[in-house]
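Novice: Dropping a structure here in structure tokens format, bear with me for questions.
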Number of protein chains: 2
Amino acid sequence: MPSYKAPVRDTLFVIDEVLRLETYGNLPGFESASPDIVTAVVEEAGKFVSEVLAPLNASGDVEGCTRNPDGSVTTPKGFKQAFEQFREAGWGTIAAPEQFGGQGMPHVLGLVMEEFLSASNQSFAMYPGLTNGAIAAILAKASPELQQLYVPKMVSGEWTGTMNLTEPHCGTDLGLIRTRAVPQVGGSYAITGTKIFISAGEHDMSENIIHLVLAKTPDAPDSSKGISLFIVPKFLLDTDGKPGTRNAVSCGSIEHKMGIHGNATCVMNYDGATGFMVGEENKGLAAMFIMMNAARLGVGIQGLAQADVAYQNGVLYASERRQGRALTGAAEPQEKADTLFVHPDVRRMLMDAKAFTEGMRALALWGGLQVDLSHKAASEEERQMADDLISLLTPVIKGYGTDKGFDIAVNMQQIWGGHGYIVDNGMEQFVRDARIAMIYEGANGVQAMDLVGRKLGANMGRAVQAFFAAVDGECAAAKADASLADTAKRIEDANGELKAATMWLMQNGMTNPNNAGAGAHHYMHIMGIVALGMMWLRMAKVAGAALAGGASDKAFYEAKLVTARYFAERFTPDAGALRRKMEAGSEAMMALPLEAFGTA
Amino acid sequence: MPSYKAPVRDTLFVIDEVLRLETYGNLPGFESASPDIVTAVVEEAGKFVSEVLAPLNASGDVEGCTRNPDGSVTTPKGFKQAFEQFREAGWGTIAAPEQFGGQGMPHVLGLVMEEFLSASNQSFAMYPGLTNGAIAAILAKASPELQQLYVPKMVSGEWTGTMNLTEPHCGTDLGLIRTRAVPQVGGSYAITGTKIFISAGEHDMSENIIHLVLAKTPDAPDSSKGISLFIVPKFLLDTDGKPGTRNAVSCGSIEHKMGIHGNATCVMNYDGATGFMVGEENKGLAAMFIMMNAARLGVGIQGLAQADVAYQNGVLYASERRQGRALTGAAEPQEKADTLFVHPDVRRMLMDAKAFTEGMRALALWGGLQVDLSHKAASEEERQMADDLISLLTPVIKGYGTDKGFDIAVNMQQIWGGHGYIVDNGMEQFVRDARIAMIYEGANGVQAMDLVGRKLGANMGRAVQAFFAAVDGECAAAKADASLADTAKRIEDANGELKAATMWLMQNGMTNPNNAGAGAHHYMHIMGIVALGMMWLRMAKVAGAALAGGASDKAFYEAKLVTARYFAERFTPDAGALRRKMEAGSEAMMALPLEAFGTA
């Protein structure tokens, strides 16, 4: 049975030493995030997930969720109690606004919690995760009255939330949705339609479920410009704001999925259910996108999280399983065989995992800081810069993070050999659970098009220029340090590939948009490599300074330097290959008719 | 529910036009493989698997195998009947020797059947697949008496076979096995021990099961040089050669696995079971390797097979599912949305799948032909050349074929979006089933070390030099054709990367074997790219000639030319990146102590 220990030390390294959160103490919310507090929060969060959630991960996978004949859904044994503990400890409140009962701490701390939750128990993590998404949408667009009615109980965890976008015939293309919202006397709407793939749509863990539902009003335009957003609570609130009458929304069935069995993925039927409009009519998609951008950052972290828990268990097996001898001669001649750890190909997979997870953690938390700064930084210029950077990198963190996270989970399973294929050992669950993150909240191909088609060109490329400058700055600084010069040079080269790829897109994507589409996924990966490279340079710089300053935890910092080098050596070469693939353009890719794909 | 249609047209293209099997008509076994016969065999085989086996794939996954309280194992509904049909049609006899009841046809046709079986139903395919492996070992090393006793019934499918290598504490490192074989009066041995992960170890599909078991005799050296191979039948044969007394071998449990649920993966307990030595004492590993080399080629084909069936269903969904609009403007304005097929990122995944599956099929069947030629070619020189090439490329076909095959299956699942994650749609089964092929018959890291540590240096690099020459020859020929010049140049460049990587290994792997280990997996992938490139050049050349000759099936050949170009554009750039990763060496990879991988 696999275990999970939250990466407390590495997380604090990123927050305290790389991002230096305390230097933002003058900003709202940051004043309460002193290093002591941050340490306490991270440590306690790590303890909670390891002790309470990780032990339920495998059993939740085996048991799954059950829809009962009355339409109620029972979550796996222990989930309800664990969510009670989660609620009582206030783990959902960390980064929520104080006026709604939250602690108002920086978003970056909320993301730490998201990583720990996902790594310990991805299925469980989705219940509070979707709630956070729903809160974000309500806060962004709903009236103060609706906010006051719903948000405090969602922050406290007494109620949970969902996002209802997908219908049987449409997911990515939301312009096609058919769910109808008909105005009622008194300002509410009657919502009718079927939504699918609704995570946490029905369950036994909270006294109410607040559904956010996309639907079309009777005269809405027949496109994505005709979508409105509604709050549809499972139980309508009585005059005291307490759950009262059961609303006409129900779970029709739960899906049998490849993974995340502990999460209730529901078909939700709305049969004239009472809903309340969030924001303006026909502007629902914009509201949903606010929520989705936050959610996408979280999903990128899920890629990291599954990679990390798989990595921890890959290390464990490599350190215990004895098979064969080191190529350089027996490492432990007194034993009948050496451990897997001595084998370079095993070490390759472990170092790939280490370089990815630590780099991705730094990038994701840096991204969380940008979210904070985009709202709270002192100057408009700083706020805009932060907003530019996180808007640009959100699809990268989601797409690259989950593609790579999945690959790492697969590699960690590989270390276990045949034993990795056996359900009881738990490694294959990480692979199955990691797989969904590449699909939901916008499949990774959609992320790539968001990056290339929307984010890249916005404001005349202001964001990507800022990103180039940030990377260049890190490279220049690092190159001045002889011990980092080679690493910096490699990352600078990767950034050069990214610049060339960007230029190519500008020149060739305009004349033929298929060229942009044909290169988008590759481009997203190049940017992922460069973004991780930027974070590795920052981490290496900090580690070097710590060592020069005589830090006591020498091994930790030395490992950072080695891993930065490994990242530069083994991750950056792909940037050039991906750029060359892009430059082939879309001609051969798009040349064949459908009939040519018949294989008979 | 996914479907499978055997790629009859493409298979015949490879056999008839690329490999030109009829030109070998002077060799034993080939005389009966005239184009008419080959066409009939391939068509009938395709029909059989599509009609009989594919419909049992999903149901077999859901139901799985059951071990009954008496130790017997029940396979999923329909498997037993399907195997009866398989047996009656003689599908197991195609490439088996005539003296044992086989049809003695070329091995290449046996591999076609392996692909079709695996693609239609991977779990089912393993029952005859393991039988073939066991037959190969018996034919290679057992006495004529043992061969006569066991092989005919195995060829006919009345009995099946297994391979018993792995024990709880050892898989790759077989020197560690503990199963004992104690000589008995009369020349047999009493076998005692526990074997795990035994595919088809116990089931209800045949009247006897012939286990091939690795064990150690009492005074055997305590290493891989002390392993002997034994036949241990489930039922001992009576004097008529019919199954008689039950032997002391039983299935202790069946494993709960990520995939291949329809295959009974057993823990086998040998409690003084009667066994018969195959070949010489302490030479068991060599015999097992003969079987494994054949099996590894087959496992590589499994990677291709799962990729192909996933690809077929990816195409189907892309052609039906409507979502969004073509980037170049609505393709079907009369519809509310275009099909997924118009989107470049979807087409990228489909073209990747097409380029891989068709290239891999050609390579695998070419490999099968080399196996035939290594035994049957007229001159010693030709036999040696064929043996060199297939020995070199077997780990590549296995390792690259299954790594890539898995990636393709994952991508095809991705095309289905959220629906790909739902069990009922079948796409996720292909991913789970494809996953095992990267692990069994030697994990892909082991394949990489076999290639780099054993195959590359054998006979002073004779095999790899022959391979370089073969690729160079194809490139030179193709470059003379203006329409293929660019494609050929790219593949020539990839071959240049392979040569440089080989040189680097020679220079750096000797001084520090960890450098070889650190680059082995990358090297295997470079060689896979080049090998597929060689086959794509051959196919393009044939297609160009067919078009020039006014072939009626114009679209088929034009698609080959486009796909060859796509392969060259989108697959070969990785060769350079992989070589650069290799050249980083093992220093950073191996620098960190185990403690540095603790993440807390």
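Identifiers in the structure tokens: chain A, B, ... in order shown; residue index from 1 per chain; ligand index from 1 in order shown.
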Output the contact residues of chain B with respect to chain A at a cut-off of 6 Å, based on only C-alpha atoms, as a tab-separated table (two decimals) with all heavy atoms, in the first residue's frame.
Specialist:
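Resulting contents of iface06.tsv:
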```tsv
chain	number	residue	atom	x	y	z
B	7	PRO	N	-6.34	-4.65	-40.26
B	7	PRO	CA	-5.78	-3.84	-41.36
B	7	PRO	C	-5.28	-4.72	-42.51
B	7	PRO	O	-4.08	-4.78	-42.78
B	7	PRO	CB	-4.63	-3.10	-40.67
B	7	PRO	CG	-4.20	-4.03	-39.57
B	7	PRO	CD	-5.45	-4.73	-39.10
B	8	VAL	N	-6.21	-5.36	-43.15
B	8	VAL	CA	-5.87	-6.35	-44.19
B	8	VAL	C	-5.12	-5.69	-45.35
B	8	VAL	O	-4.07	-6.16	-45.79
B	8	VAL	CB	-7.16	-7.04	-44.70
B	8	VAL	CG1	-6.86	-7.89	-45.95
B	8	VAL	CG2	-7.76	-7.91	-43.59
B	9	ARG	N	-5.67	-4.58	-45.84
B	9	ARG	CA	-5.05	-3.93	-47.00
B	9	ARG	C	-3.61	-3.52	-46.70
B	9	ARG	O	-2.70	-3.74	-47.51
B	9	ARG	CB	-5.89	-2.69	-47.38
B	9	ARG	CG	-5.29	-1.83	-48.48
B	9	ARG	CD	-5.35	-2.54	-49.83
B	9	ARG	NE	-4.76	-1.77	-50.92
B	9	ARG	CZ	-3.48	-1.90	-51.32
B	9	ARG	NH1	-2.66	-2.74	-50.69
B	9	ARG	NH2	-3.04	-1.19	-52.33
B	173	ASP	N	16.27	-10.20	-12.44
B	173	ASP	CA	17.49	-10.85	-11.98
B	173	ASP	C	17.21	-12.31	-11.64
B	173	ASP	O	17.03	-12.68	-10.49
B	173	ASP	CB	18.02	-10.10	-10.75
B	173	ASP	CG	19.40	-10.58	-10.33
B	173	ASP	OD1	19.88	-11.60	-10.89
B	173	ASP	OD2	19.99	-9.96	-9.44
B	256	HIS	N	-5.03	-9.24	-9.27
B	256	HIS	CA	-5.94	-8.17	-9.64
B	256	HIS	C	-5.08	-7.09	-10.29
B	256	HIS	O	-4.27	-6.45	-9.65
B	256	HIS	CB	-6.62	-7.66	-8.37
B	256	HIS	CG	-7.71	-6.68	-8.63
B	256	HIS	ND1	-8.22	-5.84	-7.67
B	256	HIS	CD2	-8.39	-6.40	-9.76
B	256	HIS	CE1	-9.14	-5.07	-8.19
B	256	HIS	NE2	-9.28	-5.39	-9.46
B	257	LYS	N	-5.28	-6.89	-11.59
B	257	LYS	CA	-4.34	-6.07	-12.35
B	257	LYS	C	-4.99	-4.81	-12.93
B	257	LYS	O	-6.20	-4.71	-13.03
B	257	LYS	CB	-3.76	-6.90	-13.52
B	257	LYS	CG	-3.19	-8.25	-13.12
B	257	LYS	CD	-2.65	-9.02	-14.31
B	257	LYS	CE	-3.66	-9.29	-15.41
B	257	LYS	NZ	-4.71	-10.24	-15.07
B	258	MET	N	-4.14	-3.93	-13.39
B	258	MET	CA	-4.60	-2.71	-14.06
B	258	MET	C	-5.40	-3.02	-15.33
B	258	MET	O	-6.37	-2.35	-15.64
B	258	MET	CB	-3.38	-1.86	-14.42
B	258	MET	CG	-3.72	-0.52	-15.05
B	258	MET	SD	-2.19	0.31	-15.58
B	258	MET	CE	-2.77	2.01	-15.76
B	323	GLN	N	-17.74	19.46	-32.72
B	323	GLN	CA	-17.34	20.37	-31.65
B	323	GLN	C	-16.49	21.48	-32.27
B	323	GLN	O	-15.44	21.23	-32.85
B	323	GLN	CB	-16.52	19.57	-30.62
B	323	GLN	CG	-16.61	20.06	-29.21
B	323	GLN	CD	-17.93	19.67	-28.53
B	323	GLN	OE1	-18.15	19.99	-27.40
B	323	GLN	NE2	-18.83	19.00	-29.23
B	324	GLY	N	-16.96	22.71	-32.19
B	324	GLY	CA	-16.18	23.84	-32.68
B	324	GLY	C	-16.15	23.91	-34.20
B	324	GLY	O	-16.83	23.16	-34.91
B	327	LEU	N	-10.39	26.09	-38.02
B	327	LEU	CA	-9.71	27.38	-37.85
B	327	LEU	C	-9.75	28.21	-39.13
B	327	LEU	O	-9.66	29.43	-39.10
B	327	LEU	CB	-8.25	27.15	-37.44
B	327	LEU	CG	-8.03	26.48	-36.08
B	327	LEU	CD1	-6.56	26.14	-35.90
B	327	LEU	CD2	-8.52	27.38	-34.96
B	344	PRO	N	-6.56	20.85	-36.16
B	344	PRO	CA	-5.17	20.41	-36.35
B	344	PRO	C	-4.63	19.55	-35.19
B	344	PRO	O	-3.93	18.57	-35.43
B	344	PRO	CB	-4.38	21.71	-36.48
B	344	PRO	CG	-5.38	22.70	-37.00
B	344	PRO	CD	-6.69	22.30	-36.39
B	345	ASP	N	-4.97	19.91	-33.95
B	345	ASP	CA	-4.39	19.14	-32.85
B	345	ASP	C	-4.94	17.72	-32.80
B	345	ASP	O	-4.24	16.79	-32.38
B	345	ASP	CB	-4.60	19.84	-31.50
B	345	ASP	CG	-3.68	19.27	-30.44
B	345	ASP	OD1	-2.45	19.33	-30.65
B	345	ASP	OD2	-4.18	18.73	-29.44
B	417	GLY	N	-11.90	12.96	-25.41
B	417	GLY	CA	-12.18	13.88	-24.31
B	417	GLY	C	-12.69	13.13	-23.09
B	417	GLY	O	-12.24	12.01	-22.81
B	421	TYR	N	-12.61	8.72	-20.91
B	421	TYR	CA	-12.30	8.30	-19.52
B	421	TYR	C	-13.37	7.35	-18.97
B	421	TYR	O	-13.20	6.77	-17.91
B	421	TYR	CB	-12.20	9.55	-18.65
B	421	TYR	CG	-11.40	9.38	-17.37
B	421	TYR	CD1	-10.04	9.11	-17.40
B	421	TYR	CD2	-12.02	9.51	-16.12
B	421	TYR	CE1	-9.31	8.96	-16.23
B	421	TYR	CE2	-11.29	9.38	-14.94
B	421	TYR	CZ	-9.94	9.10	-14.99
B	421	TYR	OH	-9.21	8.97	-13.84
B	422	ILE	N	-14.47	7.22	-19.73
B	422	ILE	CA	-15.59	6.40	-19.28
B	422	ILE	C	-15.39	4.96	-19.73
B	422	ILE	O	-15.13	4.69	-20.91
B	422	ILE	CB	-16.92	6.97	-19.86
B	422	ILE	CG1	-17.09	8.44	-19.47
B	422	ILE	CG2	-18.10	6.12	-19.40
B	422	ILE	CD1	-17.13	8.70	-17.99
B	423	VAL	N	-15.51	4.05	-18.80
B	423	VAL	CA	-15.21	2.65	-19.07
B	423	VAL	C	-16.03	2.10	-20.25
B	423	VAL	O	-15.49	1.40	-21.11
B	423	VAL	CB	-15.46	1.80	-17.80
B	423	VAL	CG1	-15.36	0.31	-18.11
B	423	VAL	CG2	-14.45	2.19	-16.72
B	439	ILE	N	6.18	-3.51	-19.70
B	439	ILE	CA	6.74	-4.12	-18.49
B	439	ILE	C	7.17	-5.56	-18.70
B	439	ILE	O	8.29	-5.94	-18.36
B	439	ILE	CB	5.70	-4.04	-17.33
B	439	ILE	CG1	5.36	-2.59	-16.99
B	439	ILE	CG2	6.20	-4.79	-16.11
B	439	ILE	CD1	4.21	-2.40	-16.02
B	513	PRO	N	30.71	2.67	-17.37
B	513	PRO	CA	29.51	1.96	-17.85
B	513	PRO	C	28.21	2.68	-17.51
B	513	PRO	O	27.20	2.48	-18.19
B	513	PRO	CB	29.58	0.61	-17.13
B	513	PRO	CG	30.86	0.55	-16.42
B	513	PRO	CD	31.53	1.88	-16.46
B	517	GLY	N	24.53	3.12	-19.43
B	517	GLY	CA	23.23	2.92	-18.79
B	517	GLY	C	22.37	4.16	-18.81
B	517	GLY	O	21.15	4.09	-19.00
B	518	ALA	N	23.00	5.30	-18.64
B	518	ALA	CA	22.26	6.56	-18.58
B	518	ALA	C	21.69	6.95	-19.94
B	518	ALA	O	20.73	7.71	-20.03
B	518	ALA	CB	23.18	7.68	-18.08
B	562	VAL	N	2.28	10.95	-48.23
B	562	VAL	CA	2.06	12.04	-47.27
B	562	VAL	C	2.50	11.60	-45.87
B	562	VAL	O	3.13	12.37	-45.13
B	562	VAL	CB	0.57	12.45	-47.25
B	562	VAL	CG1	0.28	13.38	-46.07
B	562	VAL	CG2	0.19	13.12	-48.56
B	566	TYR	N	5.15	13.14	-43.30
B	566	TYR	CA	4.78	13.52	-41.93
B	566	TYR	C	5.71	12.86	-40.92
B	566	TYR	O	6.18	13.50	-39.97
B	566	TYR	CB	3.33	13.13	-41.64
B	566	TYR	CG	2.88	13.53	-40.26
B	566	TYR	CD1	2.35	14.80	-40.02
B	566	TYR	CD2	3.01	12.66	-39.18
B	566	TYR	CE1	1.96	15.18	-38.74
B	566	TYR	CE2	2.62	13.04	-37.90
B	566	TYR	CZ	2.10	14.30	-37.69
B	566	TYR	OH	1.73	14.68	-36.43
B	569	GLU	N	8.98	14.62	-40.87
B	569	GLU	CA	8.89	15.95	-40.28
B	569	GLU	C	8.70	15.92	-38.77
B	569	GLU	O	9.25	16.75	-38.05
B	569	GLU	CB	7.71	16.71	-40.90
B	569	GLU	CG	7.92	17.14	-42.34
B	569	GLU	CD	6.67	17.76	-42.96
B	569	GLU	OE1	5.60	17.73	-42.32
B	569	GLU	OE2	6.78	18.27	-44.08
B	570	ARG	N	7.88	15.00	-38.30
B	570	ARG	CA	7.43	15.08	-36.91
B	570	ARG	C	8.02	14.03	-35.98
B	570	ARG	O	7.86	14.12	-34.77
B	570	ARG	CB	5.90	14.98	-36.86
B	570	ARG	CG	5.18	16.10	-37.60
B	570	ARG	CD	4.66	17.17	-36.67
B	570	ARG	NE	4.23	18.36	-37.41
B	570	ARG	CZ	3.76	19.47	-36.82
B	570	ARG	NH1	3.66	19.55	-35.52
B	570	ARG	NH2	3.42	20.51	-37.54
B	573	PRO	N	12.85	14.77	-35.50
B	573	PRO	CA	13.54	15.75	-34.65
B	573	PRO	C	13.89	15.22	-33.26
B	573	PRO	O	14.86	15.68	-32.65
B	573	PRO	CB	12.53	16.91	-34.56
B	573	PRO	CG	11.76	16.82	-35.85
B	573	PRO	CD	11.62	15.34	-36.09
B	574	ASP	N	13.11	14.24	-32.78
B	574	ASP	CA	13.42	13.70	-31.45
B	574	ASP	C	14.78	13.00	-31.41
B	574	ASP	O	15.40	12.92	-30.34
B	574	ASP	CB	12.33	12.70	-31.02
B	574	ASP	CG	11.05	13.41	-30.62
B	574	ASP	OD1	11.12	14.56	-30.13
B	574	ASP	OD2	9.96	12.83	-30.80
B	577	ALA	N	17.35	15.44	-30.19
B	577	ALA	CA	17.16	15.78	-28.78
B	577	ALA	C	17.61	14.64	-27.89
B	577	ALA	O	18.28	14.85	-26.86
B	577	ALA	CB	15.69	16.11	-28.52
B	581	LYS	N	20.60	14.57	-25.04
B	581	LYS	CA	20.39	14.13	-23.65
B	581	LYS	C	21.43	13.08	-23.26
B	581	LYS	O	22.01	13.14	-22.18
B	581	LYS	CB	18.99	13.54	-23.49
B	581	LYS	CG	17.87	14.56	-23.60
B	581	LYS	CD	16.51	13.89	-23.38
B	581	LYS	CE	15.39	14.79	-23.86
B	581	LYS	NZ	14.05	14.23	-23.59
B	584	ALA	N	24.89	14.22	-22.25
B	584	ALA	CA	25.06	14.81	-20.92
B	584	ALA	C	25.71	13.81	-19.98
B	584	ALA	O	26.25	14.19	-18.93
B	584	ALA	CB	23.73	15.28	-20.36
B	588	ALA	N	25.36	13.98	-13.50
B	588	ALA	CA	24.28	14.56	-12.69
B	588	ALA	C	23.24	13.50	-12.34
B	588	ALA	O	22.66	13.51	-11.25
B	588	ALA	CB	23.63	15.73	-13.43
B	599	THR	N	11.50	13.42	0.16
B	599	THR	CA	10.94	14.72	-0.20
B	599	THR	C	10.38	15.46	0.98
B	599	THR	O	9.81	16.53	0.83
B	599	THR	CB	9.83	14.53	-1.25
B	599	THR	OG1	8.87	13.63	-0.71
B	599	THR	CG2	10.40	13.99	-2.53
B	600	ALA	N	10.48	14.89	2.16
B	600	ALA	CA	9.81	15.55	3.29
B	600	ALA	C	10.64	16.73	3.83
B	600	ALA	O	11.81	16.83	3.53
B	600	ALA	CB	9.55	14.56	4.40
```
Novice: Extract, using only C-alpha atoms, all DNA, RNA and protein residues at most 8 Å from Ile397 of chain A, discarding same-chain residues fewer than 6 positions from it, and format them as a ChimeraX atom specification.
Specialist: /A:296-297,300-301,363-364,528
Novice: Where in segment 46-79 of chain A does DSSP assign strand (DSSP E or B), given as a list in words?
Specialist: Thr66, Arg67, Val73 and Thr74 of chain A
Novice: Between B:Gly262, B:Gly496, B:Gly226, B:Pro2, single out the one closest to Gly284 of chain B, counting only C-alpha atoms.
Specialist: B:Gly226
Novice: Could you tell me how far atom CA of Ser224 of chain B lies from atom CA of Ala286 of chain B, in Å and to one decimal?
Specialist: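 Computing the Euclidean distance for atom CA of Ser224 of chain B and atom CA of Ala286 of chain B yields 9.8 Å.
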Novice: With only C-alpha atoms as the counted atoms, please give the residues lying no more than 12 Å from Pro183 of chain B, apart from itself and same-chain residues fewer than 6 positions off, as a PyMOL selection string.
Specialist: chain B and resi 189-192+215-219+230+272-277+281
